[in-house]
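Data first, discussion second: the structure below is written as structure tokens.
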Amino acid sequence: MKTASTLCAAAAFALCTLPALAQKTASQGIDEYRAMLQDGNPAELFEAKGEDLWKKARGPKNATLEKCDLGKGPGVVKGVFVELPRYFSDTQRVQDLESRLLTCMETLQGFNVAEIAKTPFGKGEQNNVTALAAWISAESKDMKFNLSQAHATEKNFYEVGKRLFFQRGGPHDFSCASCHGEDGKRIRLQDLPNLTKNPGDGIGFAAWPAYRVSNGQMWGMQQRLNDCYRQQRFPYPGFASDATIALGVYLGVNSKGAKSIAPAIKR
Amino acid sequence: MADPMRIRAQASGGKATVRVLMSHEMESGQRKDAAGKLVPAWFIQEVTATLNGKPVLSAEWGPAVSKNPFMQFAIKGAKSGDKVAVTWKDNKGDTRTDEATVS
């Protein structure tokens, strides 16, 4: 470093900028690449689709989702995302955004949601659930996570989520905490957030749903968790199952105060 | 009918910066599906843009352009209130035109 700067002082300015560029670390390069992608996030295309789906009469009952109660009263979309998952008294369950959407699609539109939950990601109605989640999350962009822990079931889900997070198993004896339990870890060039505490604005729980550039897919939180379990070689958890929601409560409560940037853009 | 584009156009310093997001599969024709059969190529071939109906850009695209492509360009002399229209046409003959007002 010292010799480089001495050389720089002696050489012309234009020559000095070159070694500075060469010293750029891999993670700085990745950051630049991400900044370039920010400008045209294709998640916007899914947002537009989700907004249309919300207002469109569909399903056996030919109804819209505009009366859907996502936690702040029927039809209220703004600000709901940063308070989910939460307890709903009508279903007597703790639900995340995607499971709540399934409830609305069943009660309002008459869809067979067990069928939708069984549909693989990226196929049929699953695409519509993801698009809806993209739009609803976008309506809470830049708001801070503030999950309720007032109801006993919500507290219970937090504790269950915590246990699942640290539960080791599978052929690799892995848990979520193996990758996401310490600061400063990474897989190849991907920084791994420490999810046992608030990882910061727009990181971890606050960054999904997100568009993945490498495969051109829009992913919701459910698919993100599903993929974590796939990487751990666990059996896939059921779509919108209590286990995935409990993990969502654990991550969401830990992220209290973090700003949501969803729908984000990823590598 | 294809999904709509997202077009933003902002004027500053005697030019307008136009950002366009298109919704398209952009299938290269090189990939195989789960059954091992080639997925037929399906991509945008022609992109044109007009300012108040006057052509300002035309481009020929190929299968190397990414899925859901993003395009950015600047139009000299475009003012706020002007209308920018973008059209694409793919190799299946499907086409889509969307318009935005420069702000």
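Starting from 1 in every chain, residues are counted up; chains themselves are A, B, ... following the order of the structure tokens, and ligands are numbered from 1 as listed.
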Would you kindly report the residues of chain A within 8 Å of chain B, using only C-alpha atoms, as a PyMOL selection string? chain A and resi 40+42+44-45+216
Within 12 Å of A:Asn128, counting only C-alpha atoms, which residues show up once you throw out same-chain ones fewer than 4 positions away? Write them as a PyMOL selection string, please. chain A and resi 46-54+56+58+98+101-102+105+116+119+121-124+132-135+218-220
With only C-alpha atoms as the atoms that count, which of B:Ala34, B:Ala49, B:Ala85, B:Met26 lies nearest to B:Val65? B:Met26
Can you pull out every residue within 10 Å of B:Thr95, counting only C-alpha atoms, but drop anything in the same chain fewer than 5 positions away, and send it as a PyMOL selection string? chain B and resi 1-2+44+46-47+87-90
Would you please extract all strand (DSSP E or B) residues from chain B, as assigned by DSSP on the backbone, and give them as number ranges by chain? B: 6-12, 15-21, 27, 32, 38, 42, 44-51, 54-60, 70-76, 83-90, 95-101
All residues 10 Å or closer to B:Trp42, only C-alpha atoms, same chain fewer than 4 positions away omitted, as a ChimeraX atom specification: /B:24-29,62-63,90-93
Between A:His180, A:Lys55, A:Arg224, A:His172, which is the closest to A:Gly75 once you count only C-alpha atoms?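 The shortest atom-to-atom distance to A:Gly75 comes from A:Lys55.
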Pull the alpha helix (DSSP H) assignments for stretch 18-216 of chain A out of DSSP run on the backbone, and list those residues as a compact mmCIF listing (two decimals) with C-alpha atoms, in the first residue's frame.
```
# COMPACT_ATOMS: atom_id res chain seq x y z
CA LEU A 18 -5.54 2.57 -12.81
CA PRO A 19 -3.98 0.74 -9.83
CA ALA A 20 -6.89 1.98 -7.72
CA LEU A 21 -9.29 0.17 -10.02
CA ALA A 22 -7.26 -3.00 -9.93
CA ALA A 26 -14.68 -8.91 -5.50
CA SER A 27 -17.44 -7.78 -3.17
CA GLN A 28 -17.08 -4.17 -4.35
CA GLY A 29 -17.42 -5.41 -7.91
CA ILE A 30 -20.58 -7.28 -6.96
CA ASP A 31 -21.93 -4.16 -5.24
CA GLU A 32 -21.40 -2.15 -8.42
CA TYR A 33 -23.14 -4.80 -10.47
CA ARG A 34 -26.08 -4.76 -8.05
CA ALA A 35 -26.28 -0.96 -8.20
CA MET A 36 -26.51 -1.18 -11.99
CA LEU A 37 -29.35 -3.67 -11.71
CA GLN A 38 -31.32 -1.49 -9.27
CA ALA A 43 -39.99 -7.02 -10.09
CA GLU A 44 -41.95 -3.95 -11.25
CA LEU A 45 -43.47 -6.07 -13.99
CA PHE A 46 -44.72 -8.52 -11.36
CA GLU A 47 -46.01 -5.65 -9.22
CA ALA A 48 -48.12 -4.44 -12.14
CA LYS A 49 -49.42 -7.97 -12.69
CA GLY A 50 -50.22 -8.36 -8.98
CA GLU A 51 -52.14 -5.09 -8.86
CA ASP A 52 -54.25 -6.20 -11.82
CA LEU A 53 -54.90 -9.58 -10.21
CA TRP A 54 -56.03 -7.93 -6.97
CA LYS A 55 -58.69 -5.91 -8.82
CA LEU A 97 -48.69 -12.87 3.43
CA GLU A 98 -48.84 -15.86 1.13
CA SER A 99 -50.95 -18.06 3.42
CA ARG A 100 -53.30 -15.12 4.03
CA LEU A 101 -53.65 -14.65 0.28
CA LEU A 102 -54.61 -18.30 0.00
CA THR A 103 -57.30 -17.76 2.66
CA CYS A 104 -58.73 -14.83 0.69
CA MET A 105 -58.58 -16.73 -2.59
CA GLU A 106 -60.56 -19.52 -0.94
CA THR A 107 -63.20 -17.49 0.93
CA VAL A 113 -56.28 -23.58 -2.14
CA ALA A 114 -55.10 -27.04 -1.10
CA GLU A 115 -54.57 -27.59 -4.81
CA ILE A 116 -52.66 -24.28 -5.14
CA ALA A 117 -50.46 -25.12 -2.13
CA LYS A 118 -49.53 -28.41 -3.81
CA GLY A 124 -50.24 -21.99 -12.59
CA GLU A 125 -51.84 -20.12 -9.69
CA GLN A 126 -48.55 -20.12 -7.74
CA ASN A 127 -47.33 -17.46 -10.17
CA ASN A 128 -50.37 -15.35 -9.35
CA VAL A 129 -49.82 -15.68 -5.59
CA THR A 130 -46.21 -14.52 -6.08
CA ALA A 131 -47.26 -11.56 -8.24
CA LEU A 132 -49.85 -10.52 -5.64
CA ALA A 133 -47.21 -10.80 -2.90
CA ALA A 134 -44.82 -8.67 -5.00
CA TRP A 135 -47.39 -5.88 -5.36
CA ILE A 136 -48.56 -5.99 -1.74
CA SER A 137 -44.98 -5.89 -0.44
CA ALA A 138 -44.21 -2.96 -2.77
CA ALA A 152 -50.08 -15.78 22.86
CA THR A 153 -50.06 -17.72 19.56
CA GLU A 154 -47.70 -15.15 18.03
CA LYS A 155 -45.27 -15.59 20.94
CA ASN A 156 -45.61 -19.32 20.57
CA PHE A 157 -44.81 -19.13 16.85
CA TYR A 158 -41.71 -17.05 17.60
CA GLU A 159 -40.41 -19.74 19.98
CA VAL A 160 -41.22 -22.51 17.50
CA GLY A 161 -39.53 -20.56 14.71
CA LYS A 162 -36.45 -20.09 16.86
CA ARG A 163 -36.25 -23.81 17.54
CA LEU A 164 -36.65 -24.62 13.86
CA PHE A 165 -33.94 -22.10 13.02
CA PHE A 166 -31.44 -23.89 15.26
CA CYS A 176 -30.59 -22.43 9.28
CA ALA A 177 -28.15 -21.18 11.92
CA SER A 178 -25.24 -23.01 10.25
CA CYS A 179 -25.23 -20.29 7.57
CA HIS A 180 -27.23 -17.46 9.12
```
Distance atom CA of A:Ala63-atom CA of A:Gln109, one decimal place?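 Going from atom CA of A:Ala63 over to atom CA of A:Gln109, I get 5.2 Å.
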Shell around B:Ala16 at 7 Å using only C-alpha atoms, local window under 4 positions removed, as a ChimeraX atom specification: /B:9-12,74-76,78-79
Could you turn the residues from that selection into a file that holds N, CA and C atoms, as a PDB file, in the first residue's frame?
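part.pdb was written with the following content:
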```
ATOM      1  N   ALA B   9     -39.941   8.215 -18.390  1.00  0.00           N
ATOM      2  CA  ALA B   9     -39.183   9.175 -19.184  1.00  0.00           C
ATOM      3  C   ALA B   9     -39.069  10.470 -18.402  1.00  0.00           C
ATOM      4  N   GLN B  10     -37.815  10.890 -18.169  1.00  0.00           N
ATOM      5  CA  GLN B  10     -37.593  12.082 -17.363  1.00  0.00           C
ATOM      6  C   GLN B  10     -36.735  13.082 -18.102  1.00  0.00           C
ATOM      7  N   ALA B  11     -37.208  14.315 -18.190  1.00  0.00           N
ATOM      8  CA  ALA B  11     -36.468  15.353 -18.897  1.00  0.00           C
ATOM      9  C   ALA B  11     -35.563  16.102 -17.930  1.00  0.00           C
ATOM     10  N   SER B  12     -34.321  16.333 -18.386  1.00  0.00           N
ATOM     11  CA  SER B  12     -33.435  17.219 -17.638  1.00  0.00           C
ATOM     12  C   SER B  12     -32.289  17.633 -18.547  1.00  0.00           C
ATOM     13  N   ALA B  74     -31.412   7.994 -24.240  1.00  0.00           N
ATOM     14  CA  ALA B  74     -31.708   9.416 -24.059  1.00  0.00           C
ATOM     15  C   ALA B  74     -32.170  10.012 -25.378  1.00  0.00           C
ATOM     16  N   ILE B  75     -33.147  10.909 -25.310  1.00  0.00           N
ATOM     17  CA  ILE B  75     -33.610  11.612 -26.515  1.00  0.00           C
ATOM     18  C   ILE B  75     -33.254  13.082 -26.368  1.00  0.00           C
ATOM     19  N   LYS B  76     -32.434  13.567 -27.292  1.00  0.00           N
ATOM     20  CA  LYS B  76     -32.041  14.980 -27.268  1.00  0.00           C
ATOM     21  C   LYS B  76     -33.252  15.840 -27.614  1.00  0.00           C
ATOM     22  N   ALA B  78     -36.031  16.388 -26.113  1.00  0.00           N
ATOM     23  CA  ALA B  78     -37.367  16.027 -25.644  1.00  0.00           C
ATOM     24  C   ALA B  78     -37.701  16.831 -24.386  1.00  0.00           C
ATOM     25  N   LYS B  79     -38.932  17.350 -24.335  1.00  0.00           N
ATOM     26  CA  LYS B  79     -39.351  18.191 -23.212  1.00  0.00           C
ATOM     27  C   LYS B  79     -40.437  17.482 -22.416  1.00  0.00           C
TER      28      LYS B  79
END
```
Please identify all polymer residues within 9 Å of A:Gly204, counting only C-alpha atoms, omitting same-chain residues fewer than 6 positions from it, and present them as a PyMOL selection string. chain A and resi 192-195+198+251+255
